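work-v2.pdb follows (PDB, C-alpha atoms):
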ATOM      1  CA  MET A   1     -53.655 -42.162 -23.514  1.00  0.00           C
ATOM      2  CA  LEU A   2     -50.891 -41.181 -25.938  1.00  0.00           C
ATOM      3  CA  LYS A   3     -48.221 -42.115 -23.400  1.00  0.00           C
ATOM      4  CA  SER A   4     -49.768 -45.558 -22.935  1.00  0.00           C
ATOM      5  CA  LEU A   5     -49.616 -46.085 -26.721  1.00  0.00           C
ATOM      6  CA  PHE A   6     -45.921 -45.247 -26.763  1.00  0.00           C
ATOM      7  CA  LEU A   7     -45.316 -47.693 -23.885  1.00  0.00           C
ATOM      8  CA  ASN A   8     -47.285 -50.615 -25.352  1.00  0.00           C
ATOM      9  CA  SER A   9     -44.784 -53.407 -26.070  1.00  0.00           C
ATOM     10  CA  ARG A  10     -47.085 -55.165 -28.545  1.00  0.00           C
ATOM     11  CA  LEU A  11     -47.519 -51.973 -30.550  1.00  0.00           C
ATOM     12  CA  GLU A  12     -43.747 -51.455 -30.458  1.00  0.00           C
ATOM     13  CA  LEU A  13     -43.173 -54.975 -31.800  1.00  0.00           C
ATOM     14  CA  ALA A  14     -45.798 -54.531 -34.540  1.00  0.00           C
ATOM     15  CA  ALA A  15     -44.341 -51.154 -35.572  1.00  0.00           C
ATOM     16  CA  ARG A  16     -40.803 -52.567 -35.535  1.00  0.00           C
ATOM     17  CA  TRP A  17     -41.714 -55.559 -37.681  1.00  0.00           C
ATOM     18  CA  PHE A  18     -43.896 -53.493 -40.010  1.00  0.00           C
ATOM     19  CA  LEU A  19     -41.175 -50.913 -40.680  1.00  0.00           C
ATOM     20  CA  GLY A  20     -38.488 -53.612 -40.880  1.00  0.00           C
ATOM     21  CA  ILE A  21     -40.360 -55.689 -43.455  1.00  0.00           C
ATOM     22  CA  THR A  22     -41.370 -52.563 -45.383  1.00  0.00           C
ATOM     23  CA  PHE A  23     -37.811 -51.291 -45.681  1.00  0.00           C
ATOM     24  CA  ILE A  24     -36.396 -54.713 -46.547  1.00  0.00           C
ATOM     25  CA  TYR A  25     -39.018 -55.071 -49.282  1.00  0.00           C
ATOM     26  CA  ALA A  26     -38.449 -51.514 -50.510  1.00  0.00           C
ATOM     27  CA  SER A  27     -34.709 -52.147 -50.854  1.00  0.00           C
ATOM     28  CA  TYR A  28     -35.078 -55.264 -53.038  1.00  0.00           C
ATOM     29  CA  HIS A  29     -35.652 -53.663 -56.475  1.00  0.00           C
ATOM     30  CA  LYS A  30     -33.148 -50.918 -55.746  1.00  0.00           C
ATOM     31  CA  ILE A  31     -30.406 -53.407 -54.874  1.00  0.00           C
ATOM     32  CA  ILE A  32     -30.908 -55.573 -57.968  1.00  0.00           C
ATOM     33  CA  ALA A  33     -31.311 -52.615 -60.367  1.00  0.00           C
ATOM     34  CA  PRO A  34     -29.311 -49.628 -59.091  1.00  0.00           C
ATOM     35  CA  ASP A  35     -29.183 -48.141 -62.601  1.00  0.00           C
ATOM     36  CA  HIS A  36     -32.988 -47.815 -62.710  1.00  0.00           C
ATOM     37  CA  PHE A  37     -33.010 -46.380 -59.205  1.00  0.00           C
ATOM     38  CA  ALA A  38     -30.362 -43.824 -60.229  1.00  0.00           C
ATOM     39  CA  LYS A  39     -32.662 -42.634 -63.045  1.00  0.00           C
ATOM     40  CA  ILE A  40     -35.478 -42.176 -60.528  1.00  0.00           C
ATOM     41  CA  ILE A  41     -33.215 -40.217 -58.170  1.00  0.00           C
ATOM     42  CA  TYR A  42     -32.179 -38.040 -61.108  1.00  0.00           C
ATOM     43  CA  GLY A  43     -35.878 -37.393 -61.799  1.00  0.00           C
ATOM     44  CA  TYR A  44     -36.262 -35.694 -58.410  1.00  0.00           C
ATOM     45  CA  TYR A  45     -33.965 -32.871 -59.643  1.00  0.00           C
ATOM     46  CA  LEU A  46     -32.646 -32.342 -56.114  1.00  0.00           C
ATOM     47  CA  PHE A  47     -29.157 -33.832 -56.140  1.00  0.00           C
ATOM     48  CA  PRO A  48     -25.969 -32.943 -58.004  1.00  0.00           C
ATOM     49  CA  ASP A  49     -25.202 -35.306 -60.865  1.00  0.00           C
ATOM     50  CA  PHE A  50     -21.998 -36.632 -59.280  1.00  0.00           C
ATOM     51  CA  SER A  51     -23.881 -37.880 -56.181  1.00  0.00           C
ATOM     52  CA  ILE A  52     -26.729 -39.752 -57.881  1.00  0.00           C
ATOM     53  CA  ASN A  53     -24.915 -43.058 -58.476  1.00  0.00           C
ATOM     54  CA  LEU A  54     -23.510 -43.024 -54.952  1.00  0.00           C
ATOM     55  CA  ILE A  55     -26.987 -42.463 -53.493  1.00  0.00           C
ATOM     56  CA  ALA A  56     -28.443 -45.201 -55.718  1.00  0.00           C
ATOM     57  CA  ILE A  57     -25.890 -47.688 -54.431  1.00  0.00           C
ATOM     58  CA  ILE A  58     -25.746 -46.788 -50.721  1.00  0.00           C
ATOM     59  CA  LEU A  59     -29.393 -45.960 -49.908  1.00  0.00           C
ATOM     60  CA  PRO A  60     -30.861 -49.424 -50.724  1.00  0.00           C
ATOM     61  CA  PHE A  61     -28.309 -51.188 -48.512  1.00  0.00           C
ATOM     62  CA  LEU A  62     -28.950 -48.690 -45.720  1.00  0.00           C
ATOM     63  CA  GLU A  63     -32.679 -49.453 -46.064  1.00  0.00           C
ATOM     64  CA  PHE A  64     -32.027 -53.204 -46.105  1.00  0.00           C
ATOM     65  CA  PHE A  65     -29.721 -53.379 -43.083  1.00  0.00           C
ATOM     66  CA  SER A  66     -31.782 -50.909 -41.027  1.00  0.00           C
ATOM     67  CA  GLY A  67     -34.931 -52.899 -41.819  1.00  0.00           C
ATOM     68  CA  LEU A  68     -33.186 -56.153 -40.929  1.00  0.00           C
ATOM     69  CA  ALA A  69     -31.978 -54.670 -37.632  1.00  0.00           C
ATOM     70  CA  LEU A  70     -35.556 -53.663 -36.786  1.00  0.00           C
ATOM     71  CA  LEU A  71     -36.935 -57.058 -37.731  1.00  0.00           C
ATOM     72  CA  LEU A  72     -34.356 -58.948 -35.666  1.00  0.00           C
ATOM     73  CA  GLY A  73     -34.312 -56.441 -32.828  1.00  0.00           C
ATOM     74  CA  ILE A  74     -30.631 -55.597 -33.153  1.00  0.00           C
ATOM     75  CA  TYR A  75     -30.238 -52.130 -31.649  1.00  0.00           C
ATOM     76  CA  PRO A  76     -33.769 -51.193 -32.710  1.00  0.00           C
ATOM     77  CA  ARG A  77     -33.570 -47.606 -31.420  1.00  0.00           C
ATOM     78  CA  SER A  78     -30.501 -46.952 -33.583  1.00  0.00           C
ATOM     79  CA  ALA A  79     -32.140 -48.596 -36.595  1.00  0.00           C
ATOM     80  CA  ALA A  80     -35.301 -46.540 -36.039  1.00  0.00           C
ATOM     81  CA  LEU A  81     -33.202 -43.374 -35.891  1.00  0.00           C
ATOM     82  CA  ILE A  82     -31.604 -44.214 -39.253  1.00  0.00           C
ATOM     83  CA  ILE A  83     -34.975 -45.099 -40.786  1.00  0.00           C
ATOM     84  CA  ASN A  84     -36.587 -41.918 -39.468  1.00  0.00           C
ATOM     85  CA  GLY A  85     -33.691 -39.930 -40.905  1.00  0.00           C
ATOM     86  CA  MET A  86     -34.336 -41.511 -44.299  1.00  0.00           C
ATOM     87  CA  LEU A  87     -38.083 -40.947 -43.948  1.00  0.00           C
ATOM     88  CA  LEU A  88     -37.518 -37.289 -43.115  1.00  0.00           C
ATOM     89  CA  ALA A  89     -35.358 -36.946 -46.233  1.00  0.00           C
ATOM     90  CA  PHE A  90     -38.070 -38.689 -48.301  1.00  0.00           C
ATOM     91  CA  ILE A  91     -40.750 -36.404 -46.834  1.00  0.00           C
ATOM     92  CA  ILE A  92     -38.699 -33.310 -47.713  1.00  0.00           C
ATOM     93  CA  ALA A  93     -37.982 -34.564 -51.261  1.00  0.00           C
ATOM     94  CA  LEU A  94     -41.643 -35.433 -51.848  1.00  0.00           C
ATOM     95  CA  SER A  95     -42.777 -32.098 -50.421  1.00  0.00           C
ATOM     96  CA  ILE A  96     -40.424 -30.122 -52.651  1.00  0.00           C
ATOM     97  CA  ASN A  97     -41.618 -31.954 -55.756  1.00  0.00           C
ATOM     98  CA  LEU A  98     -45.249 -31.655 -54.650  1.00  0.00           C
ATOM     99  CA  ILE A  99     -44.809 -27.886 -54.301  1.00  0.00           C
ATOM    100  CA  ARG A 100     -43.156 -27.790 -57.734  1.00  0.00           C
ATOM    101  CA  GLY A 101     -46.108 -29.716 -59.175  1.00  0.00           C
ATOM    102  CA  GLN A 102     -43.724 -32.235 -60.665  1.00  0.00           C
ATOM    103  CA  GLU A 103     -44.894 -35.740 -61.616  1.00  0.00           C
ATOM    104  CA  PHE A 104     -42.383 -38.474 -60.865  1.00  0.00           C
ATOM    105  CA  ASP A 105     -41.939 -42.126 -59.980  1.00  0.00           C
ATOM    106  CA  CYS A 106     -40.948 -42.268 -56.310  1.00  0.00           C
ATOM    107  CA  GLY A 107     -39.038 -45.546 -56.739  1.00  0.00           C
ATOM    108  CA  CYS A 108     -40.256 -46.698 -53.347  1.00  0.00           C
ATOM    109  CA  PHE A 109     -41.186 -50.320 -53.982  1.00  0.00           C
ATOM    110  CA  SER A 110     -40.761 -50.819 -57.724  1.00  0.00           C
ATOM    111  CA  PHE A 111     -39.977 -48.836 -60.810  1.00  0.00           C
ATOM    112  CA  GLY A 112     -43.158 -47.506 -62.437  1.00  0.00           C
ATOM    113  CA  GLU A 113     -45.048 -50.792 -62.600  1.00  0.00           C
ATOM    114  CA  LYS A 114     -48.822 -50.737 -62.673  1.00  0.00           C
ATOM    115  CA  GLY A 115     -50.439 -51.033 -59.289  1.00  0.00           C
ATOM    116  CA  TYR A 116     -47.671 -49.049 -57.588  1.00  0.00           C
ATOM    117  CA  ILE A 117     -48.480 -45.611 -58.984  1.00  0.00           C
ATOM    118  CA  SER A 118     -49.487 -43.177 -56.244  1.00  0.00           C
ATOM    119  CA  SER A 119     -49.824 -39.442 -56.135  1.00  0.00           C
ATOM    120  CA  ALA A 120     -47.145 -37.446 -54.365  1.00  0.00           C
ATOM    121  CA  GLY A 121     -49.734 -36.464 -51.740  1.00  0.00           C
ATOM    122  CA  GLN A 122     -50.516 -40.114 -50.963  1.00  0.00           C
ATOM    123  CA  LEU A 123     -46.810 -40.926 -50.742  1.00  0.00           C
ATOM    124  CA  LEU A 124     -46.268 -37.984 -48.409  1.00  0.00           C
ATOM    125  CA  ILE A 125     -49.081 -39.091 -46.086  1.00  0.00           C
ATOM    126  CA  ARG A 126     -47.771 -42.671 -46.118  1.00  0.00           C
ATOM    127  CA  ASP A 127     -44.252 -41.541 -45.222  1.00  0.00           C
ATOM    128  CA  ILE A 128     -45.559 -39.345 -42.395  1.00  0.00           C
ATOM    129  CA  ILE A 129     -47.413 -42.367 -40.970  1.00  0.00           C
ATOM    130  CA  TYR A 130     -44.221 -44.444 -41.238  1.00  0.00           C
ATOM    131  CA  PHE A 131     -42.358 -41.599 -39.503  1.00  0.00           C
ATOM    132  CA  VAL A 132     -44.828 -41.718 -36.591  1.00  0.00           C
ATOM    133  CA  PHE A 133     -44.232 -45.484 -36.304  1.00  0.00           C
ATOM    134  CA  GLY A 134     -40.514 -44.720 -36.169  1.00  0.00           C
ATOM    135  CA  LEU A 135     -41.093 -42.188 -33.395  1.00  0.00           C
ATOM    136  CA  GLN A 136     -42.921 -44.881 -31.447  1.00  0.00           C
ATOM    137  CA  LEU A 137     -39.801 -47.044 -31.729  1.00  0.00           C
ATOM    138  CA  LEU A 138     -37.494 -44.195 -30.719  1.00  0.00           C
ATOM    139  CA  PHE A 139     -39.444 -43.218 -27.619  1.00  0.00           C
ATOM    140  CA  PHE A 140     -40.393 -46.714 -26.453  1.00  0.00           C
ATOM    141  CA  ASP A 141     -38.975 -46.916 -22.949  1.00  0.00           C
ATOM    142  CA  LYS A 142     -39.598 -50.493 -21.777  1.00  0.00           C
ATOM    143  CA  GLN A 143     -38.103 -53.912 -22.390  1.00  0.00           C
ATOM    144  CA  ARG A 144     -38.580 -54.790 -26.078  1.00  0.00           C
ATOM    145  CA  ARG A 145     -40.173 -58.076 -27.067  1.00  0.00           C
ATOM    146  CA  TRP A 146     -38.176 -60.478 -29.212  1.00  0.00           C
ATOM    147  CA  SER A 147     -35.167 -58.230 -29.437  1.00  0.00           C
ATOM    148  CA  ILE A 148     -31.644 -59.661 -29.732  1.00  0.00           C
ATOM    149  CA  LEU A 149     -29.640 -56.559 -28.732  1.00  0.00           C
ATOM    150  CA  GLN A 150     -31.408 -53.633 -27.108  1.00  0.00           C
ATOM    151  CA  SER A 151     -30.411 -49.991 -27.259  1.00  0.00           C
ATOM    152  CA  GLY A 152     -30.400 -48.008 -24.053  1.00  0.00           C
ATOM    153  CA  SER A 153     -33.481 -46.217 -22.815  1.00  0.00           C
ATOM    154  CA  ILE A 154     -33.730 -42.483 -23.440  1.00  0.00           C
ATOM    155  CA  SER A 155     -35.094 -41.676 -19.977  1.00  0.00           C
ATOM    156  CA  LYS A 156     -32.736 -44.093 -18.202  1.00  0.00           C
ATOM    157  CA  ASN A 157     -29.749 -42.615 -20.063  1.00  0.00           C
ATOM    158  CA  LYS A 158     -30.874 -39.118 -19.014  1.00  0.00           C
ATOM    159  CA  LYS A 159     -31.305 -40.280 -15.390  1.00  0.00           C
ATOM    160  CA  ASN A 160     -27.845 -41.924 -15.373  1.00  0.00           C
ATOM    161  CA  GLU A 161     -26.335 -38.749 -16.823  1.00  0.00           C
ATOM    162  CA  ASN A 162     -27.932 -36.660 -14.045  1.00  0.00           C
ATOM    163  CA  ASP A 163     -26.770 -39.149 -11.376  1.00  0.00           C
ATOM    164  CA  ASN A 164     -23.205 -39.051 -12.730  1.00  0.00           C
ATOM    165  CA  ARG A 165     -23.235 -35.243 -12.721  1.00  0.00           C
ATOM    166  CA  LYS A 166     -24.472 -35.195  -9.106  1.00  0.00           C
ATOM    167  CA  SER A 167     -21.737 -37.606  -7.995  1.00  0.00           C
ATOM    168  CA  ARG A 168     -19.031 -35.393  -9.550  1.00  0.00           C
ATOM    169  CA  ASP A 169     -20.347 -32.034  -8.294  1.00  0.00           C
ATOM    170  CA  PRO A 170     -20.865 -31.843  -4.515  1.00  0.00           C
ATOM    171  CA  SER A 171     -23.054 -28.715  -4.841  1.00  0.00           C
ATOM    172  CA  LEU A 172     -25.704 -30.763  -6.718  1.00  0.00           C
ATOM    173  CA  ARG A 173     -26.036 -33.428  -4.011  1.00  0.00           C
ATOM    174  CA  SER A 174     -29.089 -33.261  -1.809  1.00  0.00           C
ATOM    175  CA  GLY A 175     -28.950 -33.711   1.948  1.00  0.00           C
TER
END
Translate this structure into structure tokens?
Amino acid sequence: MLKSLFLNSRLELAARWFLGITFIYASYHKIIAPDHFAKIIYGYYLFPDFSINLIAIILPFLEFFSGLALLLGIYPRSAALIINGMLLAFIIALSINLIRGQEFDCGCFSFGEKGYISSAGQLLIRDIIYFVFGLQLLFFDKQRRWSILQSGSISKNKKNENDNRKSRDPSLRSG
């Protein structure tokens, strides 16, 4: 059952578009107001002062271009890997501040506007769900729908690696 979900091309397309649109939208406010985003990053109390401005400038563009790559299907496995890396970092940062009991604005989609205030627990659950969508994109092993440039398949790459090793080492050949 779970394997059939990970191999469903319609689910892969929906997850790819959902995460792509989400990350493009999330990057918008951060790109146009990096100074506000830097204040939010500072409020996490996790990063050294010298790195905050650099993070506030680079992270939104990484979100934007990774989201765009997912939406257009340009190396979607690579884009999903980048997005899952960011999501893992977000999950760790939220978890640390949740354990600390610290109230903060996550800066995810806007900067402290009404209607976007969520508890750290809700944000953590949301990011875990997004992470699972990203895993679906990473482990999808079929032809992707509406994809411009496809990344290689994990299982096919592993099979090709084993075949190459067998062709180089006569002791591994069968027969």
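For the file shown, the residue list from the PyMOL selection byres ((chain A and resi 52) around 10) reads Asp35, Phe37, Ala38, Lys39, Ile40, Ile41, Tyr42, Leu46, Phe47, Pro48, Asp49, Phe50, Ser51, Asn53, Leu54, Ile55, Ala56 and Ile57 of chain A.
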(message) Report, in Å to a single decimal, how far apart CA of Asp127 in chain A and CA of Ile91 in chain A are.
(response)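 CA of Asp127 in chain A lies at a distance of 6.4 Å from CA of Ile91 in chain A.
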(request) In Å, rounded to a single decimal, give me how far CA of Leu138 in chain A is from CA of Leu81 in chain A. (result)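 About the pair CA of Leu81 in chain A and CA of Leu138 in chain A: they are 6.8 Å apart.
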(request) Determine the nearest neighbour of Phe104 in chain A from the options A:Ala80, A:Tyr44, A:Ala89, A:Leu71, counting only C-alpha atoms. (result)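 Between A:Ala80, A:Tyr44, A:Ala89, A:Leu71, the residue approaching Phe104 in chain A most closely is A:Tyr44.
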(message) Taking 2 positions as the minimum chain separation for residues in the same chain, which residues sit within 12 Å of Ala120 in chain A when counting only C-alpha atoms? Answer as a PyMOL selection string.
(response) chain A and resi 44+90-108+117-118+122-127
(request) One decimal, Å: what's the distance from CA of Ile148 in chain A over to CA of Asn84 in chain A, could you say? (result) 20.8 Å
(request) Evaluate the PyMOL selection byres ((chain A and resi 79) around 9) on the structure here and hand back the selected residues as number ranges by chain. (result) A: 65-70, 73-78, 80-84
(message) Which residue is closest to Phe140 in chain A? Choose from A:Gly43, A:Phe64, A:Arg16, A:Pro34 and count only C-alpha atoms.
(response)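 Among A:Gly43, A:Phe64, A:Arg16, A:Pro34, it is A:Arg16 that comes nearest to Phe140 in chain A.
Distances here use only C-alpha atoms; by that measure, the residue among A:Val132, A:Ile21, A:Ala26, A:Leu137 closest to Ser9 in chain A is A:Leu137.
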Have range 124-146 of chain A completed to N, CA and C atoms, please, and pass it along as an mmCIF file, keeping the file's coordinate frame.
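Writing the result to out.cif gives the following:
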data_model
loop_
_atom_site.group_PDB
_atom_site.id
_atom_site.type_symbol
_atom_site.label_atom_id
_atom_site.label_comp_id
_atom_site.auth_asym_id
_atom_site.auth_seq_id
_atom_site.Cartn_x
_atom_site.Cartn_y
_atom_site.Cartn_z
ATOM 1 N N LEU A 124 -46.643 -38.842 -49.524
ATOM 2 C CA LEU A 124 -46.268 -37.984 -48.409
ATOM 3 C C LEU A 124 -47.001 -38.397 -47.134
ATOM 4 N N ILE A 125 -48.296 -38.650 -47.243
ATOM 5 C CA ILE A 125 -49.081 -39.091 -46.086
ATOM 6 C C ILE A 125 -48.579 -40.441 -45.587
ATOM 7 N N ARG A 126 -48.293 -41.354 -46.509
ATOM 8 C CA ARG A 126 -47.771 -42.671 -46.118
ATOM 9 C C ARG A 126 -46.458 -42.535 -45.366
ATOM 10 N N ASP A 127 -45.547 -41.700 -45.873
ATOM 11 C CA ASP A 127 -44.252 -41.541 -45.222
ATOM 12 C C ASP A 127 -44.377 -40.872 -43.856
ATOM 13 N N ILE A 128 -45.331 -39.970 -43.704
ATOM 14 C CA ILE A 128 -45.559 -39.345 -42.395
ATOM 15 C C ILE A 128 -46.057 -40.398 -41.397
ATOM 16 N N ILE A 129 -46.930 -41.286 -41.842
ATOM 17 C CA ILE A 129 -47.413 -42.367 -40.970
ATOM 18 C C ILE A 129 -46.255 -43.284 -40.584
ATOM 19 N N TYR A 130 -45.403 -43.632 -41.543
ATOM 20 C CA TYR A 130 -44.221 -44.444 -41.238
ATOM 21 C C TYR A 130 -43.318 -43.716 -40.238
ATOM 22 N N PHE A 131 -43.185 -42.408 -40.406
ATOM 23 C CA PHE A 131 -42.358 -41.599 -39.503
ATOM 24 C C PHE A 131 -42.893 -41.670 -38.072
ATOM 25 N N VAL A 132 -44.213 -41.615 -37.924
ATOM 26 C CA VAL A 132 -44.828 -41.718 -36.591
ATOM 27 C C VAL A 132 -44.542 -43.096 -35.984
ATOM 28 N N PHE A 133 -44.602 -44.156 -36.797
ATOM 29 C CA PHE A 133 -44.232 -45.484 -36.304
ATOM 30 C C PHE A 133 -42.783 -45.473 -35.815
ATOM 31 N N GLY A 134 -41.914 -44.819 -36.568
ATOM 32 C CA GLY A 134 -40.514 -44.720 -36.169
ATOM 33 C C GLY A 134 -40.338 -43.958 -34.865
ATOM 34 N N LEU A 135 -41.144 -42.920 -34.667
ATOM 35 C CA LEU A 135 -41.093 -42.188 -33.395
ATOM 36 C C LEU A 135 -41.505 -43.090 -32.242
ATOM 37 N N GLN A 136 -42.491 -43.943 -32.486
ATOM 38 C CA GLN A 136 -42.921 -44.881 -31.447
ATOM 39 C C GLN A 136 -41.745 -45.765 -31.046
ATOM 40 N N LEU A 137 -40.957 -46.198 -32.018
ATOM 41 C CA LEU A 137 -39.801 -47.044 -31.729
ATOM 42 C C LEU A 137 -38.705 -46.272 -31.002
ATOM 43 N N LEU A 138 -38.522 -45.014 -31.363
ATOM 44 C CA LEU A 138 -37.494 -44.195 -30.719
ATOM 45 C C LEU A 138 -37.811 -43.919 -29.257
ATOM 46 N N PHE A 139 -39.073 -43.633 -28.966
ATOM 47 C CA PHE A 139 -39.444 -43.218 -27.619
ATOM 48 C C PHE A 139 -39.957 -44.351 -26.741
ATOM 49 N N PHE A 140 -39.981 -45.569 -27.255
ATOM 50 C CA PHE A 140 -40.393 -46.714 -26.453
ATOM 51 C C PHE A 140 -39.379 -46.896 -25.337
ATOM 52 N N ASP A 141 -39.865 -46.983 -24.099
ATOM 53 C CA ASP A 141 -38.975 -46.916 -22.949
ATOM 54 C C ASP A 141 -39.026 -48.156 -22.055
ATOM 55 N N LYS A 142 -39.510 -49.261 -22.566
ATOM 56 C CA LYS A 142 -39.598 -50.493 -21.777
ATOM 57 C C LYS A 142 -38.740 -51.570 -22.425
ATOM 58 N N GLN A 143 -38.775 -52.749 -21.819
ATOM 59 C CA GLN A 143 -38.103 -53.912 -22.390
ATOM 60 C C GLN A 143 -38.799 -54.278 -23.703
ATOM 61 N N ARG A 144 -38.017 -54.453 -24.769
ATOM 62 C CA ARG A 144 -38.580 -54.790 -26.078
ATOM 63 C C ARG A 144 -38.778 -56.292 -26.200
ATOM 64 N N ARG A 145 -39.896 -56.660 -26.816
ATOM 65 C CA ARG A 145 -40.173 -58.076 -27.067
ATOM 66 C C ARG A 145 -39.319 -58.565 -28.229
ATOM 67 N N TRP A 146 -38.885 -59.779 -28.142
ATOM 68 C CA TRP A 146 -38.176 -60.478 -29.212
ATOM 69 C C TRP A 146 -37.097 -59.602 -29.836
#
